[in-house]
file query31.cif (mmCIF, C-alpha atoms)
data_run
loop_
_atom_site.label_atom_id
_atom_site.label_comp_id
_atom_site.auth_asym_id
_atom_site.auth_seq_id
_atom_site.Cartn_x
_atom_site.Cartn_y
_atom_site.Cartn_z
CA MET A 1 -4.25 45.68 -13.52
CA PRO A 2 -6.69 42.75 -12.97
CA GLU A 3 -7.04 41.37 -9.46
CA SER A 4 -5.47 37.98 -8.78
CA PRO A 5 -7.98 35.26 -7.88
CA PRO A 6 -8.03 34.42 -4.15
CA ASP A 7 -5.92 31.51 -2.92
CA LEU A 8 -7.88 28.33 -2.37
CA ASP A 9 -8.80 27.57 1.22
CA LEU A 10 -7.61 24.00 1.85
CA GLN A 11 -10.32 23.40 4.44
CA LEU A 12 -12.94 24.15 1.78
CA VAL A 13 -11.15 21.90 -0.70
CA ARG A 14 -11.11 19.03 1.80
CA SER A 15 -14.81 19.51 2.53
CA PHE A 16 -15.52 19.29 -1.20
CA THR A 17 -13.58 16.02 -1.57
CA VAL A 18 -15.48 14.47 1.35
CA LEU A 19 -18.77 15.56 -0.18
CA ALA A 20 -17.67 14.14 -3.53
CA GLU A 21 -16.90 10.83 -1.81
CA HIS A 22 -20.28 10.58 -0.03
CA ARG A 23 -22.42 12.35 -2.67
CA HIS A 24 -24.69 13.33 0.21
CA PHE A 25 -24.54 16.53 2.29
CA GLY A 26 -25.81 14.87 5.46
CA ARG A 27 -23.29 12.02 5.47
CA ALA A 28 -20.44 14.30 4.43
CA ALA A 29 -21.30 16.80 7.16
CA GLU A 30 -21.32 13.99 9.73
CA THR A 31 -17.88 12.82 8.57
CA LEU A 32 -16.54 16.38 8.81
CA HIS A 33 -18.25 17.01 12.18
CA LEU A 34 -20.15 19.93 10.68
CA THR A 35 -23.79 20.88 10.34
CA GLN A 36 -25.28 20.56 6.86
CA SER A 37 -25.77 24.31 6.71
CA SER A 38 -22.08 24.90 7.55
CA LEU A 39 -21.01 22.44 4.85
CA SER A 40 -23.32 24.11 2.34
CA ARG A 41 -21.77 27.50 3.12
CA GLN A 42 -18.26 26.06 2.72
CA ILE A 43 -19.09 24.60 -0.69
CA ALA A 44 -20.68 27.89 -1.73
CA ARG A 45 -17.54 29.80 -0.70
CA LEU A 46 -15.35 27.39 -2.67
CA GLU A 47 -17.57 27.76 -5.72
CA GLN A 48 -17.31 31.54 -5.34
CA GLN A 49 -13.50 31.33 -5.18
CA LEU A 50 -13.41 29.17 -8.31
CA GLY A 51 -16.13 30.99 -10.19
CA ALA A 52 -17.80 27.69 -11.05
CA ARG A 53 -20.64 25.56 -9.69
CA LEU A 54 -19.27 22.25 -8.44
CA VAL A 55 -22.27 20.42 -6.95
CA ASP A 56 -25.94 20.05 -7.81
CA ARG A 57 -28.41 18.85 -5.17
CA THR A 58 -30.80 16.10 -6.26
CA PRO A 59 -33.63 14.24 -4.49
CA GLN A 60 -31.24 11.27 -4.16
CA GLY A 61 -28.42 13.34 -2.62
CA SER A 62 -25.99 15.39 -4.67
CA ARG A 63 -23.98 15.02 -7.85
CA LEU A 64 -20.92 16.74 -9.20
CA THR A 65 -21.28 19.10 -12.12
CA GLU A 66 -18.91 18.79 -15.06
CA ALA A 67 -16.71 21.42 -13.39
CA GLY A 68 -16.84 19.42 -10.15
CA GLU A 69 -15.74 16.23 -11.90
CA VAL A 70 -12.80 18.09 -13.45
CA PHE A 71 -11.85 19.75 -10.17
CA LEU A 72 -12.03 16.60 -7.98
CA PRO A 73 -8.74 14.88 -9.00
CA LEU A 74 -6.96 18.24 -8.88
CA ALA A 75 -8.39 18.92 -5.42
CA LYS A 76 -7.13 15.54 -4.18
CA ALA A 77 -3.69 16.28 -5.65
CA VAL A 78 -3.60 19.67 -3.88
CA LEU A 79 -4.44 18.04 -0.55
CA ARG A 80 -1.80 15.33 -1.07
CA SER A 81 0.82 17.92 -1.94
CA SER A 82 -0.08 19.98 1.09
CA ALA A 83 0.16 16.95 3.40
CA GLN A 84 3.49 15.91 1.88
CA ALA A 85 4.89 19.43 2.25
CA ALA A 86 3.91 19.53 5.91
CA ALA A 87 5.34 16.04 6.52
CA SER A 88 8.59 16.97 4.76
CA ALA A 89 8.97 20.06 6.91
CA ARG A 90 8.36 18.06 10.09
CA ALA A 91 10.88 15.43 8.97
CA ALA A 92 13.49 18.10 8.21
CA ALA A 93 13.02 19.44 11.73
CA ARG A 94 13.80 15.97 13.13
CA PRO A 95 16.95 14.85 11.29
CA ASN A 96 17.83 12.38 14.05
CA ARG A 97 14.65 10.33 13.67
CA ILE A 98 13.92 7.53 11.21
CA THR A 99 11.01 5.12 10.98
CA VAL A 100 11.65 1.83 9.19
CA GLY A 101 8.61 0.02 7.84
CA TYR A 102 8.20 -3.64 7.01
CA THR A 103 5.38 -5.77 5.65
CA ALA A 104 4.21 -9.17 6.87
CA ASN A 105 6.75 -11.99 7.28
CA LEU A 106 9.75 -9.80 6.50
CA ILE A 107 12.52 -9.19 9.03
CA VAL A 108 14.42 -5.88 9.27
CA THR A 109 15.96 -6.46 12.72
CA PRO A 110 19.62 -7.01 11.68
CA ALA A 111 19.76 -3.75 9.70
CA VAL A 112 17.85 -1.82 12.39
CA ARG A 113 20.16 -3.16 15.08
CA GLU A 114 23.22 -2.07 13.07
CA LEU A 115 21.70 1.39 12.52
CA ARG A 116 21.10 1.83 16.25
CA HIS A 117 24.61 0.61 17.04
CA ARG A 118 26.30 2.94 14.55
CA HIS A 119 24.07 5.94 15.33
CA PRO A 120 23.38 5.85 19.08
CA ASP A 121 22.15 9.45 18.95
CA ALA A 122 19.34 8.55 16.54
CA ASP A 123 15.71 7.82 17.36
CA VAL A 124 15.20 4.66 15.29
CA ARG A 125 11.64 3.36 15.14
CA THR A 126 9.99 0.43 13.35
CA LEU A 127 6.43 0.16 12.06
CA HIS A 128 4.44 -2.65 10.47
CA VAL A 129 2.97 -1.54 7.14
CA PRO A 130 -0.02 -3.30 5.52
CA TRP A 131 0.86 -5.22 2.35
CA ASN A 132 -0.84 -2.67 0.09
CA GLU A 133 0.51 0.54 1.69
CA PRO A 134 4.32 0.81 1.16
CA HIS A 135 3.94 3.61 -1.41
CA THR A 136 1.37 5.56 0.62
CA ALA A 137 3.30 5.10 3.86
CA LEU A 138 6.47 6.53 2.32
CA LEU A 139 4.91 9.50 0.53
CA SER A 140 2.87 10.44 3.61
CA HIS A 141 6.08 10.21 5.73
CA ARG A 142 4.64 7.55 8.04
CA VAL A 143 7.87 5.69 7.33
CA ASP A 144 11.20 6.78 5.84
CA ALA A 145 12.20 3.37 4.48
CA VAL A 146 10.22 0.18 3.97
CA VAL A 147 11.10 -3.42 3.20
CA ALA A 148 8.25 -5.00 1.26
CA ARG A 149 7.41 -7.42 -1.51
CA LEU A 150 6.87 -6.12 -5.01
CA PRO A 151 4.73 -5.27 -6.85
CA PHE A 152 3.69 -1.92 -5.42
CA PRO A 153 3.63 1.59 -7.01
CA THR A 154 7.15 3.00 -7.31
CA ASP A 155 6.60 6.51 -8.69
CA GLY A 156 8.45 9.01 -6.50
CA LEU A 157 10.44 6.22 -4.84
CA ARG A 158 13.94 4.79 -4.99
CA VAL A 159 13.59 1.01 -5.02
CA THR A 160 16.31 -1.61 -4.58
CA VAL A 161 15.63 -5.33 -4.89
CA LEU A 162 17.29 -6.99 -1.91
CA TYR A 163 16.69 -10.62 -2.85
CA ASP A 164 14.36 -12.97 -4.70
CA GLU A 165 12.17 -15.67 -3.18
CA PRO A 166 10.80 -18.70 -5.03
CA ARG A 167 7.03 -19.02 -4.91
CA ALA A 168 4.99 -21.87 -3.51
CA VAL A 169 1.36 -22.93 -3.20
CA LEU A 170 -0.28 -23.02 0.22
CA VAL A 171 -2.63 -26.01 0.56
CA PRO A 172 -4.28 -28.03 3.35
CA ARG A 173 -2.20 -30.95 4.60
CA ASP A 174 -4.79 -33.38 3.23
CA HIS A 175 -4.82 -31.76 -0.24
CA ARG A 176 -4.07 -33.97 -3.26
CA LEU A 177 -0.89 -31.91 -3.96
CA ALA A 178 0.45 -31.89 -0.40
CA GLY A 179 3.81 -33.60 -0.08
CA LYS A 180 4.76 -33.31 -3.75
CA GLU A 181 8.36 -32.32 -4.49
CA SER A 182 7.13 -29.48 -6.73
CA ILE A 183 4.19 -28.53 -8.93
CA THR A 184 3.46 -26.26 -11.92
CA LEU A 185 0.59 -23.99 -12.85
CA ASP A 186 -0.98 -26.89 -14.75
CA ASP A 187 -1.41 -28.71 -11.43
CA ILE A 188 -3.56 -25.87 -10.06
CA ALA A 189 -5.29 -24.96 -13.33
CA ASP A 190 -8.73 -25.59 -11.80
CA GLU A 191 -7.99 -24.46 -8.25
CA PRO A 192 -9.69 -21.14 -7.28
CA LEU A 193 -7.37 -18.45 -5.91
CA PRO A 194 -8.62 -15.60 -3.67
CA ARG A 195 -8.65 -12.14 -5.27
CA ALA A 196 -7.06 -8.97 -3.83
CA PRO A 197 -8.28 -5.36 -4.25
CA ASP A 198 -5.03 -4.24 -5.95
CA PRO A 199 -5.14 -5.37 -9.61
CA VAL A 200 -1.35 -5.35 -10.08
CA TRP A 201 -0.74 -7.34 -6.89
CA ASP A 202 -3.64 -9.61 -7.82
CA ALA A 203 -2.19 -10.34 -11.28
CA PHE A 204 1.26 -11.18 -9.89
CA TRP A 205 0.19 -13.41 -7.00
CA ARG A 206 -2.51 -15.23 -8.97
CA VAL A 207 -0.36 -15.43 -12.14
CA ASP A 208 -3.32 -13.95 -13.99
CA PRO A 209 -3.44 -14.37 -16.91
CA ARG A 210 -1.56 -17.62 -17.21
CA PRO A 211 1.26 -17.91 -19.78
CA ASP A 212 -1.18 -19.39 -22.33
CA GLY A 213 -3.51 -16.39 -21.90
CA SER A 214 -6.13 -18.21 -19.86
CA PRO A 215 -7.50 -16.51 -16.73
CA ALA A 216 -6.70 -17.75 -13.24
CA PRO A 217 -9.75 -19.35 -11.60
CA ASP A 218 -11.51 -16.82 -9.38
CA GLY A 219 -11.81 -17.39 -5.67
CA PRO A 220 -13.40 -15.15 -3.03
CA PHE A 221 -12.49 -11.45 -2.87
CA LEU A 222 -10.43 -10.95 0.30
CA GLU A 223 -8.09 -8.49 1.99
CA ALA A 224 -7.05 -10.08 5.31
CA VAL A 225 -4.32 -12.72 5.34
CA GLU A 226 -6.09 -14.53 8.18
CA ASP A 227 -9.19 -15.00 6.00
CA LYS A 228 -7.05 -16.55 3.27
CA PHE A 229 -5.67 -19.06 5.78
CA GLU A 230 -9.17 -20.11 6.79
CA LEU A 231 -10.27 -20.50 3.17
CA VAL A 232 -7.28 -22.66 2.35
CA ALA A 233 -7.65 -24.76 5.50
CA GLY A 234 -11.33 -25.27 4.66
CA GLY A 235 -10.50 -26.51 1.17
CA GLN A 236 -12.20 -23.59 -0.62
CA ALA A 237 -9.09 -22.22 -2.34
CA VAL A 238 -5.31 -22.42 -2.63
CA VAL A 239 -2.96 -19.44 -2.44
CA ILE A 240 0.35 -18.67 -4.17
CA VAL A 241 2.76 -17.39 -1.52
CA PRO A 242 6.45 -16.56 -1.10
CA ALA A 243 8.25 -19.78 -0.25
CA GLY A 244 10.28 -18.05 2.46
CA ALA A 245 7.24 -16.96 4.50
CA ASN A 246 6.61 -19.26 7.44
CA PHE A 247 2.85 -19.57 7.00
CA THR A 248 2.86 -23.21 8.02
CA GLY A 249 4.31 -22.21 11.39
CA LEU A 250 1.15 -20.17 11.98
CA ARG A 251 -1.23 -22.92 10.83
CA PRO A 252 -0.10 -26.52 11.40
CA ASP A 253 -3.01 -27.73 9.22
CA LEU A 254 -1.44 -26.05 6.15
CA THR A 255 1.63 -26.85 4.09
CA THR A 256 3.40 -25.40 1.06
CA VAL A 257 4.45 -27.03 -2.21
CA PRO A 258 7.19 -25.39 -4.36
CA LEU A 259 5.78 -23.83 -7.55
CA GLU A 260 8.04 -24.22 -10.58
CA GLY A 261 8.05 -22.24 -13.82
CA VAL A 262 6.99 -18.85 -12.44
CA GLU A 263 8.89 -15.62 -11.78
CA PRO A 264 10.13 -15.41 -8.18
CA SER A 265 8.85 -12.93 -5.62
CA HIS A 266 11.05 -9.83 -5.15
CA VAL A 267 11.76 -8.40 -1.68
CA ALA A 268 12.70 -4.73 -2.02
CA LEU A 269 13.85 -1.75 0.00
CA ALA A 270 12.08 1.50 -0.88
CA THR A 271 12.74 5.09 0.19
CA ARG A 272 11.53 8.44 -1.10
CA ALA A 273 13.41 9.33 -4.29
CA GLY A 274 14.62 12.71 -3.06
CA ASP A 275 15.46 11.72 0.51
CA ARG A 276 19.18 12.29 1.15
CA GLY A 277 19.04 12.09 4.94
CA ARG A 278 22.03 10.53 6.65
CA LEU A 279 19.92 7.96 8.50
CA VAL A 280 18.10 6.87 5.37
CA ALA A 281 21.43 6.49 3.55
CA ALA A 282 22.83 4.52 6.47
CA PHE A 283 19.83 2.20 6.65
CA ARG A 284 20.04 1.58 2.92
CA LYS A 285 23.69 0.55 3.38
CA TYR A 286 22.94 -1.75 6.32
CA ALA A 287 19.91 -3.28 4.60
CA GLN A 288 22.05 -4.21 1.61
CA ALA A 289 24.65 -5.67 3.96
CA HIS A 290 22.35 -7.60 6.30
CA LEU A 291 19.06 -8.30 4.52
CA THR A 292 20.25 -9.81 1.24
CA GLY A 293 22.53 -12.65 2.22
CA GLN A 294 25.05 -11.04 -0.15
CA PRO A 295 26.58 -7.86 1.31
CA GLY A 296 26.13 -5.02 -1.13
CA GLY A 297 24.74 -7.40 -3.67
CA ALA A 298 21.35 -5.80 -4.33
CA THR A 299 20.23 -4.58 -7.71
CA PRO A 300 18.66 -1.11 -8.09
CA ALA A 301 15.30 -1.08 -9.83
#
call {"tool": "encode", "arguments": {"input": "query31.cif", "output": "structure tokens"}}
result
Amino acid sequence: MPESPPDLDLQLVRSFTVLAEHRHFGRAAETLHLTQSSLSRQIARLEQQLGARLVDRTPQGSRLTEAGEVFLPLAKAVLRSSAQAAASARAAARPNRITVGYTANLIVTPAVRELRHRHPDADVRTLHVPWNEPHTALLSHRVDAVVARLPFPTDGLRVTVLYDEPRAVLVPRDHRLAGKESITLDDIADEPLPRAPDPVWDAFWRVDPRPDGSPAPDGPFLEAVEDKFELVAGGQAVVIVPAGANFTGLRPDLTTVPLEGVEPSHVALATRAGDRGRLVAAFRKYAQAHLTGQPGGATPA
């Protein structure tokens, strides 16, 4: 009877993914707090386990072989699955704890307060989640529920739209459009809009392409909200924002103008698809009662 291949050592797999990211043994070893010789031995042991060469050294650093390129996405998936399994086990061991996430300018307090009132035995925590991390935060168990604005990846999640928000355009107070009752995309056809690293988010919040197929004018590539404020205040760009967000309260030199003729923004509650915990179920109920303006009136997505 043939011998079964040895189980993969996750430490070796992680070392390989770090090396694949840096494409340089020295930098990867520094990231992993290893010597280069130790990292080389780890990669050699992994290659021995797999029966395939994964990495070739070159004068410029290192490159993945064809086998290495094939193995890399599978290695990342193995590490994600391992992390999720460990997080799920830890969560199951703490059934009386829940962490509720929220992204910028969204309020979860009424639902959290109700959850604490109804479940005084529970450890209810809140955590701010960056705009582009609701999906990651849920699947890594950093949070158990999150209230955020779509779009974000929803695979593996249960998502409920809580309410819709009209959209508006953030402009300086001395901008030619400031003070108008409303505007359309035609009014900002030549106004540059900052770009975001997430292409789906970018397309929605820049309305790119426009309904006639034309591209939205490109502005600077940014990630931080604060940098967008400074660009707008300086007259270098305008930004499409949710009308309900109180950006003008943060910057008195900015104002918003309602944007007509575009799909509204959607504020949603997301939880892990298979999570049937009592606290998650309770928070979902209270969020639909307190965070929509219409008790129980949310629409599953």
call {"tool": "residues_around", "arguments": {"input": "query31.cif", "residues": "stretch 12-15 of chain A", "least_positions_apart": "3", "cutoff": "7 Å", "atoms": "all atoms listed in the file", "output": "MDAnalysis selection string"}}
result
chainID A and resid 9 18:19 42:43 46 75
call {"tool": "atom_distance", "arguments": {"input": "query31.cif", "atom1": "atom CA of A:Leu185", "atom2": "atom CA of A:Ala216"}}
result
9.6 Å
call {"tool": "resolve_selection", "arguments": {"input": "query31.cif", "expression": "the PyMOL selection byres ((chain A and resi 257) around 8)", "output": "ChimeraX atom specification"}}
result
/A:168-171,177-183,255-256,258-259
call {"tool": "write_last_selection", "arguments": {"input": "query31.cif", "atoms": "C-alpha atoms", "output": "PDB file, keeping the file's coordinate frame"}}
result
ATOM      1  CA  ALA A 168       4.990 -21.870  -3.510  1.00  0.00           C
ATOM      2  CA  VAL A 169       1.360 -22.930  -3.200  1.00  0.00           C
ATOM      3  CA  LEU A 170      -0.280 -23.020   0.220  1.00  0.00           C
ATOM      4  CA  VAL A 171      -2.630 -26.010   0.560  1.00  0.00           C
ATOM      5  CA  LEU A 177      -0.890 -31.910  -3.960  1.00  0.00           C
ATOM      6  CA  ALA A 178       0.450 -31.890  -0.400  1.00  0.00           C
ATOM      7  CA  GLY A 179       3.810 -33.600  -0.080  1.00  0.00           C
ATOM      8  CA  LYS A 180       4.760 -33.310  -3.750  1.00  0.00           C
ATOM      9  CA  GLU A 181       8.360 -32.320  -4.490  1.00  0.00           C
ATOM     10  CA  SER A 182       7.130 -29.480  -6.730  1.00  0.00           C
ATOM     11  CA  ILE A 183       4.190 -28.530  -8.930  1.00  0.00           C
ATOM     12  CA  THR A 255       1.630 -26.850   4.090  1.00  0.00           C
ATOM     13  CA  THR A 256       3.400 -25.400   1.060  1.00  0.00           C
ATOM     14  CA  PRO A 258       7.190 -25.390  -4.360  1.00  0.00           C
ATOM     15  CA  LEU A 259       5.780 -23.830  -7.550  1.00  0.00           C
TER      16      LEU A 259
END
call {"tool": "residues_around", "arguments": {"input": "query31.cif", "residues": "A:Glu133", "least_positions_apart": "4", "cutoff": "9 Å", "atoms": "only C-alpha atoms", "output": "compact mmCIF listing (two decimals) with C-alpha atoms, in the coordinates of the input"}}
result
# COMPACT_ATOMS: atom_id res chain seq x y z
CA THR A 103 5.38 -5.77 5.65
CA VAL A 129 2.97 -1.54 7.14
CA ALA A 137 3.30 5.10 3.86
CA LEU A 138 6.47 6.53 2.32
CA PHE A 152 3.69 -1.92 -5.42
call {"tool": "closest_residue", "arguments": {"input": "query31.cif", "among": "A:Gly234, A:His24, A:Thr65, A:Glu260", "to": "A:Gln36", "atoms": "all atoms listed in the file"}}
result
A:His24
call {"tool": "resolve_selection", "arguments": {"input": "query31.cif", "expression": "the PyMOL selection byres ((chain A and resi 272) around 8)", "output": "compact mmCIF listing (two decimals) with C-alpha atoms, keeping the file's coordinate frame"}}
result
# COMPACT_ATOMS: atom_id res chain seq x y z
CA LEU A 138 6.47 6.53 2.32
CA LEU A 139 4.91 9.50 0.53
CA ASP A 144 11.20 6.78 5.84
CA ALA A 145 12.20 3.37 4.48
CA GLY A 156 8.45 9.01 -6.50
CA LEU A 157 10.44 6.22 -4.84
CA ARG A 158 13.94 4.79 -4.99
CA ALA A 270 12.08 1.50 -0.88
CA THR A 271 12.74 5.09 0.19
CA ALA A 273 13.41 9.33 -4.29
CA GLY A 274 14.62 12.71 -3.06
CA ASP A 275 15.46 11.72 0.51
call {"tool": "resolve_selection", "arguments": {"input": "query31.cif", "expression": "the PyMOL selection byres ((chain A and resi 264) around 8)", "output": "PDB file with C-alpha atoms, in the frame of the given file"}}
result
ATOM      1  CA  ASP A 164      14.360 -12.970  -4.700  1.00  0.00           C
ATOM      2  CA  GLU A 165      12.170 -15.670  -3.180  1.00  0.00           C
ATOM      3  CA  PRO A 166      10.800 -18.700  -5.030  1.00  0.00           C
ATOM      4  CA  ARG A 167       7.030 -19.020  -4.910  1.00  0.00           C
ATOM      5  CA  VAL A 262       6.990 -18.850 -12.440  1.00  0.00           C
ATOM      6  CA  GLU A 263       8.890 -15.620 -11.780  1.00  0.00           C
ATOM      7  CA  SER A 265       8.850 -12.930  -5.620  1.00  0.00           C
ATOM      8  CA  HIS A 266      11.050  -9.830  -5.150  1.00  0.00           C
TER       9      HIS A 266
END
call {"tool": "atom_distance", "arguments": {"input": "query31.cif", "atom1": "atom CA of A:Glu66", "atom2": "atom CA of A:Phe16"}}
result
14.3 Å
call {"tool": "closest_residue", "arguments": {"input": "query31.cif", "among": "A:Pro120, A:Pro130, A:Gly51, A:Pro252", "to": "A:Ala104", "atoms": "only C-alpha atoms"}}
result
A:Pro130
call {"tool": "residues_near_point", "arguments": {"input": "query31.cif", "point": "(-0.4, -2.5, 0.4)", "cutoff": "10 Å", "atoms": "only C-alpha atoms", "output": "NGL selection string"}}
result
:A and (103 or 129-137 or 148-153 or 197-198 or 201 or 223)
call {"tool": "atom_distance", "arguments": {"input": "query31.cif", "atom1": "atom CA of A:Glu114", "atom2": "atom CA of A:Leu250"}}
result
28.6 Å
call {"tool": "build_atoms", "arguments": {"input": "query31.cif", "residues": "stretch 209-218 of chain A", "atoms": "all heavy atoms", "output": "compact mmCIF listing (two decimals), keeping the file's coordinate frame"}}
result
# COMPACT_ATOMS: atom_id res chain seq x y z
N PRO A 209 -3.11 -13.08 -16.30
CA PRO A 209 -3.44 -14.37 -16.91
C PRO A 209 -2.27 -15.34 -16.87
O PRO A 209 -1.14 -14.94 -16.62
CB PRO A 209 -3.79 -13.98 -18.35
CG PRO A 209 -2.93 -12.77 -18.61
CD PRO A 209 -2.90 -12.02 -17.31
N ARG A 210 -2.57 -16.60 -17.14
CA ARG A 210 -1.56 -17.62 -17.21
C ARG A 210 -0.75 -17.46 -18.50
O ARG A 210 -1.18 -16.74 -19.42
CB ARG A 210 -2.22 -19.01 -17.15
CG ARG A 210 -2.99 -19.24 -15.83
CD ARG A 210 -2.03 -19.36 -14.66
NE ARG A 210 -2.63 -19.16 -13.35
CZ ARG A 210 -3.31 -20.08 -12.68
NH1 ARG A 210 -3.54 -21.26 -13.20
NH2 ARG A 210 -3.75 -19.79 -11.47
N PRO A 211 0.41 -18.09 -18.58
CA PRO A 211 1.26 -17.91 -19.78
C PRO A 211 0.54 -18.20 -21.10
O PRO A 211 0.88 -17.61 -22.13
CB PRO A 211 2.41 -18.90 -19.54
CG PRO A 211 2.51 -18.98 -18.05
CD PRO A 211 1.10 -18.90 -17.55
N ASP A 212 -0.45 -19.09 -21.09
CA ASP A 212 -1.18 -19.39 -22.33
C ASP A 212 -2.32 -18.42 -22.59
O ASP A 212 -3.08 -18.58 -23.55
CB ASP A 212 -1.71 -20.83 -22.30
CG ASP A 212 -2.73 -21.05 -21.17
OD1 ASP A 212 -3.04 -20.09 -20.44
OD2 ASP A 212 -3.21 -22.19 -21.03
N GLY A 213 -2.46 -17.39 -21.72
CA GLY A 213 -3.51 -16.39 -21.90
C GLY A 213 -4.79 -16.69 -21.16
O GLY A 213 -5.69 -15.85 -21.13
N SER A 214 -4.91 -17.86 -20.57
CA SER A 214 -6.13 -18.21 -19.86
C SER A 214 -6.18 -17.52 -18.51
O SER A 214 -5.15 -17.26 -17.89
CB SER A 214 -6.22 -19.73 -19.66
OG SER A 214 -5.14 -20.18 -18.86
N PRO A 215 -7.39 -17.19 -18.03
CA PRO A 215 -7.50 -16.51 -16.73
C PRO A 215 -7.29 -17.48 -15.58
O PRO A 215 -7.57 -18.67 -15.68
CB PRO A 215 -8.93 -15.97 -16.74
CG PRO A 215 -9.68 -16.93 -17.61
CD PRO A 215 -8.71 -17.37 -18.67
N ALA A 216 -6.78 -16.96 -14.47
CA ALA A 216 -6.70 -17.75 -13.24
C ALA A 216 -8.11 -17.95 -12.69
O ALA A 216 -8.93 -17.03 -12.74
CB ALA A 216 -5.82 -17.06 -12.22
N PRO A 217 -8.42 -19.12 -12.17
CA PRO A 217 -9.75 -19.35 -11.60
C PRO A 217 -10.01 -18.39 -10.43
O PRO A 217 -9.16 -18.22 -9.56
CB PRO A 217 -9.71 -20.81 -11.12
CG PRO A 217 -8.57 -21.44 -11.87
CD PRO A 217 -7.58 -20.34 -12.10
N ASP A 218 -11.18 -17.79 -10.42
CA ASP A 218 -11.51 -16.82 -9.38
C ASP A 218 -11.94 -17.50 -8.09
O ASP A 218 -12.78 -18.41 -8.10
CB ASP A 218 -12.65 -15.90 -9.85
CG ASP A 218 -12.16 -14.80 -10.76
OD1 ASP A 218 -10.93 -14.59 -10.82
OD2 ASP A 218 -12.99 -14.16 -11.42
